[in-house]
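Comments concern the structure below.
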Amino acid sequence: MPFALIVLAAGMGTRMNSDLPKVLHPVAGEAMLIHAMSAGMALGPERVVVVAGHGAEQVRKVALAFDPEAQVVVQAEQLGTAHAVVQAAPALGDFAGDVLVLYGDTPLIRPETLECMAEARARHDVVVLGFEADDPGRYGRLVMAGEVLERIVEFKDATEAERAIGLCNSGVVMASAPVLFDLVHAVGNDNVAGEYYLTDIVALARARGLSATAVTCAEAETLGVNSRAELAAAEAAFQARARAEALETGVTLQAPETVHFARDTMVGRDAVIEPFVVFGPGVTVESGALIRAFSHLEGCHVSRGAVVGPYARLRPGAELSEDVRIGNFVEVKNALIAEGAKVNHLSYIGDAEIGEGSNIGAGTITCNYDGVMKHRTTIGRGVFIGSDTMLVAPVTVGDGAMTASGSVITRDVAPGALAVGRARQENKPGFAIRLFERLRALRAQASKGE
Ligand code: UD1
Ligand code: MG
């Protein structure tokens, strides 16, 4: 059954106390909106509509960067979640399939849970995702009669008895497009907040003789972020899940609670991650690689047998082939390091290519930026770059070549050549003794004069 995804992302997020639209606050380094979109998109929607409002331009940019096909509609005034869904209707035209509504401030929903909802949709007109809350707080409450969901009551409008209900609304709703839009158009705003509540569609559906039910999932999945404290809780819950998944799939984490993952981090079986490693978005670590303590990785690929760190930084476009060594205080950006090459100490390698088995000496820097443009450094196979070499790009060092320590290399080096690019050393016999004597005499004179 084809379905469309609507993600509500227009809310102001007053309780975040922030200039940034709430749904753009990051969890695991990525906007909550992207987490929500990606969960829904895992089920293969035919259409994706994001409802933006507060900070719409910023929200649009982030949504389109993640899915260029998404439609972003603007809810100029945020009159409530039902009103937000109404704004999406024109974008879906006469789409007749199912619609799944997700909230952009609910980043931890798993695609598997959404699949359970799709299954329940086969038997019910309206399906809502609920959860048993430890502390139901300000969540909307689900009023059930057996299997049947009768209505949802918002916390602000709930009686004492209703507030005692532990089954809460996650905000996720699924219904066919015609039914959903029919219902949201009928929702009124006669409630404490004066808002058009999406949650009211359940009672409206029941009044029309339609069936409604709730599917439940773990509370951690439905955590809705409305404050910084909840943002921190979402981050903690995300990390706890990612760590557990890594351990389950055969990754060694020596101190799991110190390792931070991104939404899309891929770590292969038998990889070992030492303590205090941070993964930004877009990282793949293959089986058997070793990521040593205090390393920071982002947008990079680490192949089998590679060893990274301790204290290494891999930035976007760092591509490490098998058995590469990247040591302490080494930064690699947009660079291909071929099999068995080593960059072990205190280096910056950016916009570069390093051939198989080459050794890059301590303190080597690819000077890739001239203040205006970036340039490439190409190093062949089996090259030995002496310590403290400055490679002023664009520059090429041929296979099997060497550079002398402390060289500033501004011209290409032919294969097999030795490049020396530094001032020639001169030794002056006895000069140090005479210099010391003179300096000491000067000091003695100065202290007499005081
Ligand atoms: C909502 C639910 C509540 C549920 C909780 C789960 C309603 C009325 N209440 O409450 O039952 O327990 O989520 O987290 O739906 N938004 C818009 N336009 C608007 C208003 C909101 O796009 O006019 C978006 C927000 O950006 C947000 C989402 O909808 O992503 C939810 O809005 P929010 O104000 O956070 O609702 P809650 O009070 O959390
Ligand atoms: Mg909310």
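A note on labels: chains of the structure tokens are A, B, ... as shown, every chain counts residues from 1, and ligands are counted from 1 in their shown order.
Residues of protein or nucleic acid lying within 7 Å of ligand 2, counting only C-alpha atoms and all ligand atoms, are Asp105, Gly224, Val225 and Asn226 of chain A.
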- request: May I have the residues within 6 Å of ligand 1, computed using only C-alpha atoms and all ligand atoms, as a PyMOL selection string?
  value: chain A and resi 8-11+51+78-81+84+103-105+139-140+154+168-171+197-199+224+226
message: Write out as a PyMOL selection string the set of residues from range 42-273 of chain A that DSSP, computed on the backbone, places in alpha helix (DSSP H).
response: chain A and resi 56-66+81-92+111-121+160-163+177-186+201-207+228-248
message: Env of range 237-250 of chain A: 12 Å cut, atoms = only C-alpha atoms, seq-sep filter 2 positions within chain, self excluded. Answer as a PyMOL selection string.
response: chain A and resi 26-30+32+35+106-110+218-225+230-235+252-273+277-279+285-288
query: Can you tell me, as a PyMOL selection string, what residues are no more than 6 Å from range 344-361 of chain A when counting only C-alpha atoms, ignoring any on the same chain fewer than 4 positions away?
result: chain A and resi 326-340+365-366+376-387
